[in-house]
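Below is structure23.txt, holding compact mmCIF, C-alpha atoms and all ligand atoms.
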# COMPACT_ATOMS: atom_id res chain seq x y z
CA MET A 222 -13.66 -14.76 11.24
CA ASP A 223 -13.15 -17.01 8.20
CA MET A 224 -12.23 -14.68 5.35
CA GLY A 225 -13.40 -17.22 2.78
CA ILE A 226 -10.31 -16.78 0.61
CA ARG A 227 -8.27 -19.87 1.56
CA GLY A 228 -6.39 -21.19 -1.49
CA LYS A 229 -6.59 -17.94 -3.48
CA ARG A 230 -3.42 -16.31 -4.85
CA ALA A 231 -2.25 -12.77 -4.10
CA LEU A 232 0.45 -10.48 -5.44
CA VAL A 233 1.61 -8.15 -2.68
CA CYS A 234 3.99 -5.43 -3.88
CA ALA A 235 6.63 -3.76 -1.72
CA ALA A 236 6.09 -6.38 0.95
CA SER A 237 9.38 -7.22 2.66
CA LYS A 238 8.72 -4.76 5.50
CA GLY A 239 6.19 -2.40 6.99
CA LEU A 240 2.60 -2.13 5.78
CA GLY A 241 3.08 -4.37 2.72
CA LEU A 242 4.46 -7.11 4.95
CA GLY A 243 1.54 -6.61 7.36
CA CYS A 244 -0.85 -7.20 4.43
CA ALA A 245 1.11 -10.25 3.20
CA ARG A 246 1.10 -11.84 6.65
CA ALA A 247 -2.63 -11.23 7.19
CA LEU A 248 -3.49 -12.71 3.79
CA ALA A 249 -1.26 -15.72 4.50
CA GLU A 250 -3.03 -16.19 7.83
CA ALA A 251 -6.29 -16.34 5.82
CA GLY A 252 -4.78 -19.17 3.76
CA VAL A 253 -3.82 -17.16 0.67
CA HIS A 254 -0.75 -18.18 -1.39
CA LEU A 255 1.55 -15.25 -2.09
CA VAL A 256 3.86 -13.66 -4.57
CA MET A 257 5.83 -11.06 -2.63
CA ASN A 258 7.95 -8.29 -4.06
CA ALA A 259 10.54 -5.76 -2.85
CA ARG A 260 13.85 -4.49 -4.25
CA GLY A 261 16.17 -5.94 -1.61
CA ALA A 262 16.36 -9.75 -1.89
CA GLU A 263 17.66 -10.44 1.60
CA ALA A 264 14.84 -8.90 3.65
CA LEU A 265 12.31 -10.22 1.13
CA GLU A 266 13.55 -13.81 1.51
CA ALA A 267 13.63 -13.52 5.29
CA SER A 268 10.03 -12.27 5.40
CA ALA A 269 8.88 -14.93 2.94
CA SER A 270 10.55 -17.73 4.95
CA ALA A 271 8.87 -16.53 8.13
CA ILE A 272 5.47 -16.53 6.40
CA ARG A 273 5.98 -20.06 5.03
CA ALA A 274 6.94 -21.28 8.50
CA ASP A 275 4.14 -19.44 10.32
CA PHE A 276 1.23 -20.11 7.96
CA GLY A 277 2.21 -22.99 5.63
CA VAL A 278 1.17 -21.19 2.44
CA GLU A 279 3.16 -21.11 -0.81
CA VAL A 280 5.26 -17.95 -1.14
CA ALA A 281 7.19 -16.94 -4.26
CA THR A 282 9.45 -13.87 -4.20
CA VAL A 283 10.55 -11.46 -6.91
CA ALA A 284 13.27 -8.93 -6.03
CA ALA A 285 12.57 -6.02 -8.39
CA ASP A 286 11.71 -2.32 -8.44
CA ILE A 287 7.94 -2.25 -8.94
CA THR A 288 8.07 1.37 -10.11
CA THR A 289 9.99 0.44 -13.28
CA GLU A 290 8.66 -1.21 -16.41
CA GLU A 291 11.29 -3.98 -16.23
CA GLY A 292 10.57 -4.59 -12.55
CA ARG A 293 6.85 -4.90 -13.16
CA ALA A 294 7.41 -7.23 -16.12
CA ALA A 295 9.48 -9.57 -13.92
CA VAL A 296 6.90 -9.51 -11.13
CA LEU A 297 3.97 -10.09 -13.49
CA GLU A 298 5.72 -12.96 -15.24
CA ALA A 299 6.40 -14.70 -11.94
CA ALA A 300 2.94 -13.99 -10.55
CA GLY A 301 0.83 -15.04 -13.53
CA ALA A 302 -2.89 -14.54 -12.91
CA VAL A 303 -3.72 -13.68 -9.30
CA ASP A 304 -7.03 -13.26 -7.47
CA ILE A 305 -5.83 -10.49 -5.16
CA LEU A 306 -3.53 -7.54 -5.91
CA VAL A 307 -2.11 -5.31 -3.18
CA ASN A 308 -0.42 -2.26 -4.69
CA ASN A 309 2.31 -0.59 -2.69
CA ALA A 310 5.69 1.13 -3.16
CA GLY A 311 7.90 3.44 -1.16
CA GLY A 312 6.61 6.98 -0.63
CA PRO A 313 8.18 10.05 -2.26
CA PRO A 314 10.64 12.16 -0.20
CA PRO A 315 9.48 15.18 1.81
CA GLY A 316 10.46 18.72 0.82
CA MET A 317 9.29 22.26 0.13
CA TRP A 318 6.80 23.05 -2.64
CA THR A 319 9.51 25.15 -4.29
CA ASP A 320 11.98 22.22 -4.37
CA TRP A 321 10.41 19.95 -6.96
CA ASP A 322 10.94 20.05 -10.70
CA ARG A 323 9.33 18.05 -13.50
CA ASP A 324 11.61 15.02 -12.98
CA ASP A 325 10.68 14.81 -9.29
CA PHE A 326 6.99 14.83 -10.19
CA ILE A 327 7.44 12.22 -12.93
CA LYS A 328 9.27 9.96 -10.45
CA ALA A 329 6.50 10.33 -7.86
CA LEU A 330 3.78 9.76 -10.45
CA ASP A 331 5.60 6.67 -11.76
CA ALA A 332 5.90 5.19 -8.27
CA ASN A 333 2.62 6.09 -6.60
CA MET A 334 0.16 6.54 -9.46
CA LEU A 335 1.23 4.89 -12.72
CA ALA A 336 2.79 1.71 -11.26
CA PRO A 337 -0.43 0.66 -9.49
CA ILE A 338 -2.48 1.63 -12.55
CA GLU A 339 -0.29 -0.56 -14.79
CA LEU A 340 -0.66 -3.50 -12.40
CA ILE A 341 -4.43 -3.00 -12.24
CA LYS A 342 -4.54 -2.99 -16.06
CA ALA A 343 -2.48 -6.19 -16.15
CA GLN A 344 -4.46 -8.16 -13.55
CA VAL A 345 -8.04 -6.89 -13.46
CA PRO A 346 -9.17 -8.10 -16.92
CA GLY A 347 -8.36 -11.71 -15.88
CA MET A 348 -10.15 -11.24 -12.56
CA MET A 349 -13.21 -9.97 -14.45
CA GLU A 350 -13.16 -12.98 -16.76
CA ARG A 351 -12.99 -15.31 -13.76
CA GLY A 352 -15.75 -13.33 -12.01
CA TRP A 353 -13.87 -12.57 -8.80
CA GLY A 354 -11.04 -10.27 -7.74
CA ARG A 355 -9.81 -7.87 -5.09
CA VAL A 356 -7.47 -4.91 -5.48
CA VAL A 357 -6.26 -2.88 -2.52
CA ASN A 358 -4.04 0.15 -3.06
CA ILE A 359 -1.99 1.42 -0.14
CA THR A 360 -2.16 5.22 -0.43
CA SER A 361 -2.04 7.71 2.46
CA GLN A 362 -4.11 9.87 4.79
CA SER A 363 -2.65 12.73 2.75
CA VAL A 364 -5.34 11.97 0.16
CA LYS A 365 -7.98 13.24 2.62
CA SER A 366 -5.88 15.76 4.51
CA PRO A 367 -2.75 17.09 2.81
CA ILE A 368 0.60 16.81 4.56
CA ALA A 369 2.34 19.98 3.42
CA ILE A 370 5.90 18.63 3.29
CA LEU A 371 4.73 15.59 1.29
CA GLY A 372 3.54 17.53 -1.76
CA LEU A 373 4.80 14.87 -4.17
CA SER A 374 2.83 12.22 -2.30
CA ASN A 375 -0.27 14.44 -2.05
CA SER A 376 -0.20 14.93 -5.82
CA ALA A 377 0.56 11.41 -7.05
CA ARG A 378 -1.82 9.67 -4.67
CA ALA A 379 -4.65 12.06 -5.52
CA GLY A 380 -4.18 11.00 -9.16
CA LEU A 381 -4.46 7.31 -8.30
CA THR A 382 -7.50 8.01 -6.13
CA GLY A 383 -9.30 9.69 -9.04
CA TYR A 384 -8.49 6.75 -11.33
CA VAL A 385 -9.76 4.21 -8.80
CA ALA A 386 -12.96 6.18 -8.17
CA GLY A 387 -14.05 5.76 -11.78
CA THR A 388 -12.46 2.41 -12.62
CA SER A 389 -13.79 0.58 -9.56
CA ARG A 390 -17.33 1.34 -10.74
CA GLN A 391 -16.58 -0.05 -14.18
CA VAL A 392 -15.38 -3.44 -12.92
CA ALA A 393 -17.57 -4.07 -9.86
CA GLY A 394 -20.27 -5.78 -11.94
CA LYS A 395 -17.82 -8.59 -12.69
CA GLY A 396 -17.13 -9.39 -9.05
CA VAL A 397 -13.95 -7.31 -8.81
CA THR A 398 -13.56 -4.67 -6.12
CA ILE A 399 -10.91 -1.94 -6.03
CA ASN A 400 -10.45 0.06 -2.83
CA ASN A 401 -7.79 2.21 -1.21
CA LEU A 402 -6.41 1.93 2.31
CA LEU A 403 -5.17 5.26 3.67
CA PRO A 404 -2.56 4.84 6.41
CA GLY A 405 -2.05 7.54 8.96
CA ILE A 406 1.17 7.16 10.88
CA HIS A 407 2.21 3.55 11.47
CA ALA A 408 5.25 2.17 13.27
CA THR A 409 7.42 1.24 10.27
CA ASP A 410 10.78 2.30 8.83
CA ARG A 411 8.94 5.02 6.88
CA ALA A 412 7.71 6.53 10.17
CA VAL A 413 11.25 6.47 11.57
CA ALA A 414 12.49 8.25 8.43
CA LEU A 415 9.76 10.91 8.72
CA ASP A 416 10.42 11.40 12.46
CA THR A 417 14.16 11.60 11.84
CA GLY A 418 13.50 14.42 9.36
CA VAL A 419 11.43 16.30 11.96
CA ALA A 420 14.11 15.73 14.64
CA GLU A 421 16.82 17.11 12.36
CA ARG A 422 14.77 20.11 11.21
CA GLU A 423 13.66 21.05 14.74
CA GLY A 424 16.87 20.09 16.59
CA ILE A 425 15.05 17.64 18.89
CA THR A 426 15.55 13.93 19.69
CA LEU A 427 13.85 11.17 17.72
CA ASP A 428 11.80 10.25 20.81
CA ALA A 429 10.67 13.85 21.19
CA ALA A 430 9.66 13.97 17.51
CA LYS A 431 7.66 10.77 17.97
CA ALA A 432 5.99 12.04 21.17
CA GLN A 433 5.11 15.27 19.39
CA ARG A 434 3.45 13.33 16.56
CA CYS A 435 1.64 10.95 18.97
CA ALA A 436 0.11 13.99 20.66
CA THR A 437 -1.67 14.85 17.38
CA ILE A 438 -3.35 11.40 17.17
CA PRO A 439 -6.55 10.88 19.22
CA ALA A 440 -5.59 7.21 19.72
CA GLY A 441 -2.34 8.49 21.28
CA ARG A 442 -0.10 6.03 19.44
CA TYR A 443 1.10 4.86 16.05
CA GLY A 444 -0.77 2.13 14.18
CA THR A 445 0.81 -1.29 13.70
CA PRO A 446 1.44 -3.23 10.47
CA GLU A 447 -0.66 -6.05 11.98
CA GLU A 448 -3.72 -3.81 12.35
CA PHE A 449 -3.20 -2.48 8.86
CA GLY A 450 -2.82 -6.00 7.43
CA ALA A 451 -6.03 -7.16 9.11
CA ALA A 452 -7.97 -4.34 7.43
CA CYS A 453 -6.42 -5.28 4.08
CA ALA A 454 -7.31 -8.96 4.51
CA PHE A 455 -10.91 -8.00 5.31
CA LEU A 456 -11.14 -5.86 2.15
CA CYS A 457 -9.81 -8.87 0.21
CA SER A 458 -12.26 -11.25 1.87
CA GLN A 459 -15.55 -12.71 0.63
CA HIS A 460 -17.32 -10.43 3.12
CA ALA A 461 -16.19 -7.22 1.42
CA GLY A 462 -17.71 -7.74 -2.04
CA PHE A 463 -20.08 -4.77 -1.63
CA ILE A 464 -17.28 -2.31 -0.69
CA VAL A 465 -16.42 -0.59 -3.96
CA GLY A 466 -14.18 2.41 -4.68
CA GLN A 467 -13.79 3.42 -1.05
CA ASN A 468 -10.99 5.30 0.68
CA ILE A 469 -10.62 3.84 4.15
CA LEU A 470 -8.59 5.79 6.70
CA LEU A 471 -6.56 3.94 9.32
CA ASP A 472 -5.21 6.87 11.28
CA GLY A 473 -6.22 6.61 14.95
CA GLY A 474 -8.57 9.57 14.38
CA ALA A 475 -5.81 11.93 13.22
CA VAL A 476 -7.81 13.41 10.34
CA ASN A 477 -10.30 15.68 12.08
CA ALA A 478 -13.34 15.36 9.83
CA THR A 479 -16.95 14.25 10.22
CA LEU A 480 -16.97 12.28 6.95
P1 LIG B 1 8.54 0.82 4.80
O1 LIG B 1 8.40 0.27 6.16
O2 LIG B 1 9.70 1.70 4.47
O3 LIG B 1 8.52 -0.43 3.80
C1 LIG B 1 8.56 -0.22 2.43
C2 LIG B 1 8.57 -1.57 1.74
O4 LIG B 1 8.43 -1.34 0.35
C3 LIG B 1 9.86 -2.35 1.91
O5 LIG B 1 9.57 -3.72 1.87
C4 LIG B 1 10.66 -1.93 0.68
O6 LIG B 1 11.67 -2.88 0.40
C5 LIG B 1 9.55 -1.89 -0.35
N1 LIG B 1 9.78 -0.99 -1.48
C6 LIG B 1 10.04 0.33 -1.42
N2 LIG B 1 10.18 0.82 -2.66
C7 LIG B 1 9.98 -0.21 -3.51
C8 LIG B 1 10.00 -0.33 -4.91
N3 LIG B 1 10.26 0.73 -5.69
N4 LIG B 1 9.75 -1.54 -5.48
C9 LIG B 1 9.49 -2.61 -4.70
N5 LIG B 1 9.47 -2.56 -3.35
C10 LIG B 1 9.71 -1.36 -2.77
O7 LIG B 1 7.27 1.69 4.35
P2 LIG B 1 5.77 1.61 4.93
O8 LIG B 1 5.67 2.45 6.15
O9 LIG B 1 5.33 0.22 4.95
O10 LIG B 1 4.99 2.43 3.79
C11 LIG B 1 4.36 1.80 2.71
C12 LIG B 1 3.65 2.90 1.90
O11 LIG B 1 2.68 3.52 2.73
C13 LIG B 1 4.58 4.00 1.40
O12 LIG B 1 4.17 4.43 0.14
C14 LIG B 1 4.37 5.10 2.41
O13 LIG B 1 4.63 6.38 1.89
C15 LIG B 1 2.89 4.92 2.72
N6 LIG B 1 2.53 5.49 4.03
C16 LIG B 1 3.11 5.03 5.15
C17 LIG B 1 2.77 5.62 6.36
C18 LIG B 1 3.39 5.15 7.66
O14 LIG B 1 3.17 5.78 8.68
N7 LIG B 1 4.15 4.10 7.69
C19 LIG B 1 1.83 6.65 6.41
C20 LIG B 1 1.25 7.08 5.23
C21 LIG B 1 1.61 6.51 4.03
P3 LIG B 1 12.96 -2.45 -0.48
O15 LIG B 1 13.44 -1.16 0.07
O16 LIG B 1 13.90 -3.60 -0.32
O17 LIG B 1 12.47 -2.31 -1.89

Rendering of file as structure tokens:
Amino acid sequence: MDMGIRGKRALVCAASKGLGLGCARALAEAGVHLVMNARGAEALEASASAIRADFGVEVATVAADITTEEGRAAVLEAAGAVDILVNNAGGPPPGMWTDWDRDDFIKALDANMLAPIELIKAQVPGMMERGWGRVVNITSQSVKSPIAILGLSNSARAGLTGYVAGTSRQVAGKGVTINNLLPGIHATDRAVALDTGVAEREGITLDAAKAQRCATIPAGRYGTPEEFGAACAFLCSQHAGFIVGQNILLDGGAVNATL
């Protein structure tokens, strides 16, 4: 399917690996020029080079922490005005509800709620003026179905979801859509980190932890960054202009709910 976005420009945050990289690659395949961000320069450059070679689009990179004000300023300066914004950052650490103090919550809110909101505020007014824009926020299935040990993530992402629900309806009339993609478990470094935690806590092997998690997913497997990226590219496409303020689960059926 032609996505109808060839030649547009996208900023994809936290994109050297995993789901962010899946989104960057799918957008590049649709002919979109990219500004990619991550903290580590080496992996970021390697991923950017591969995208240039595979898809022939322009790719600029900015190694910076997107959860900090300085990091965002550097990324925004390099990106200028973009047509597509994909918000992403690392997820907060797991723990017990009794573990977290105010600083832990502030850090999680900065990373997974306030950073995407700041980027939306920086980019969406220009998109509205130009009459076209797409914003996709990578959140989590925990927004629909809480994951108890990820209380920081449950909290911060719920805050972003509330903001998007209202804001998306305020900007849709100017041709700008804002939606959230909610990953269930996907085969990325984050999944390995989560499974390693389970293996250590339960005294089982990493493979056993993974098999245990797979058994809870109707699809019987983890999702892939490629599948995730394809969904992101569709939401950023010309075809998705009537999809506004939605929370789209990609979880292999793991969340057991009718709606
Ligand atoms: P991942 O494979 O660990 O990749 C994370 C990417 O983000 C890397 O490129 C990393 O590069 C970059 N990054 C992390 N923190 C950053 C920061 N502060 N500033 C800029 N770049 C940053 O993770 P993932 O699985 O793709 O997960 C992406 C998001 O989806 C996370 O928020 C995660 O919690 C959420 N999620 C993932 C799953 C899953 O199963 N994978 C499920 C639900 C939710 P650097 O480290 O070099 O910065």

Check which residues fall inside 9 Å of ligand LIG 1 (chain B) when counting only C-alpha atoms and all ligand atoms, and print them as a PyMOL selection string.
chain A and resi 234-243+258-265+284-289+292-293+309-314+332-333+359-363+374+403-415+443-446+472

Select all residues near (-7.5, -1.7, -4.5) (cut-off 8 Å, inclusive, file coordinates), counting all atoms listed in the file, and output them as a ChimeraX atom specification.
/A:306-308,355-359,385,398-402,466

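Among the candidates A:Ile370, A:Val345, A:Leu335, A:Ala420, the one nearest to Gln391 in chain A when counting only C-alpha atoms is A:Val345.
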
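Using only C-alpha atoms, the smallest distance between any of A:Gln467, A:Ala295, A:Gln344, A:Lys395 and Gly383 in chain A comes from A:Gln467.
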
For Val278 in chain A, please output as a PyMOL selection string all residues within 12 Å (counting all atoms listed in the file; exclusion window: fewer than 3 positions along the same chain).
chain A and resi 227-231+245-256+269-275+281

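Nearest-residue note for Asp331 in chain A: choosing from A:Gly316, A:Ser376, A:Ala343, A:Leu297, the minimum distance belongs to A:Ser376, counting only C-alpha atoms.
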
Selected range 442-475 of chain A, written as a PDB file, in the first residue's frame, C-alpha atoms:
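Okay, this is what ended up in selection-v4.pdb:
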ATOM      1  CA  ARG A 442       4.739 -15.291  20.672  1.00  0.00           C
ATOM      2  CA  TYR A 443       6.268 -11.860  21.123  1.00  0.00           C
ATOM      3  CA  GLY A 444       5.552  -9.088  18.621  1.00  0.00           C
ATOM      4  CA  THR A 445       8.302  -7.822  16.338  1.00  0.00           C
ATOM      5  CA  PRO A 446       9.600  -4.259  15.854  1.00  0.00           C
ATOM      6  CA  GLU A 447       8.743  -4.647  12.145  1.00  0.00           C
ATOM      7  CA  GLU A 448       5.059  -5.309  12.899  1.00  0.00           C
ATOM      8  CA  PHE A 449       5.017  -2.425  15.327  1.00  0.00           C
ATOM      9  CA  GLY A 450       6.686  -0.097  12.816  1.00  0.00           C
ATOM     10  CA  ALA A 451       4.173  -1.004  10.111  1.00  0.00           C
ATOM     11  CA  ALA A 452       1.293  -0.004  12.410  1.00  0.00           C
ATOM     12  CA  CYS A 453       3.062   3.280  13.174  1.00  0.00           C
ATOM     13  CA  ALA A 454       3.634   4.026   9.480  1.00  0.00           C
ATOM     14  CA  PHE A 455      -0.059   3.393   8.781  1.00  0.00           C
ATOM     15  CA  LEU A 456      -1.103   5.805  11.552  1.00  0.00           C
ATOM     16  CA  CYS A 457       1.254   8.375   9.982  1.00  0.00           C
ATOM     17  CA  SER A 458      -0.101   7.750   6.491  1.00  0.00           C
ATOM     18  CA  GLN A 459      -2.599   9.713   4.397  1.00  0.00           C
ATOM     19  CA  HIS A 460      -5.089   6.884   4.989  1.00  0.00           C
ATOM     20  CA  ALA A 461      -5.270   7.452   8.750  1.00  0.00           C
ATOM     21  CA  GLY A 462      -6.501  11.056   8.805  1.00  0.00           C
ATOM     22  CA  PHE A 463      -9.817  10.074  10.439  1.00  0.00           C
ATOM     23  CA  ILE A 464      -8.152   8.164  13.317  1.00  0.00           C
ATOM     24  CA  VAL A 465      -8.026  10.677  16.160  1.00  0.00           C
ATOM     25  CA  GLY A 466      -7.095  10.260  19.826  1.00  0.00           C
ATOM     26  CA  GLN A 467      -7.090   6.464  19.739  1.00  0.00           C
ATOM     27  CA  ASN A 468      -5.196   3.967  21.871  1.00  0.00           C
ATOM     28  CA  ILE A 469      -4.285   1.049  19.654  1.00  0.00           C
ATOM     29  CA  LEU A 470      -3.120  -2.164  21.314  1.00  0.00           C
ATOM     30  CA  LEU A 471      -0.523  -4.343  19.618  1.00  0.00           C
ATOM     31  CA  ASP A 472      -0.371  -7.206  22.076  1.00  0.00           C
ATOM     32  CA  GLY A 473      -1.182 -10.506  20.351  1.00  0.00           C
ATOM     33  CA  GLY A 474      -4.477 -10.558  22.280  1.00  0.00           C
ATOM     34  CA  ALA A 475      -2.829 -10.440  25.707  1.00  0.00           C
TER      35      ALA A 475
END
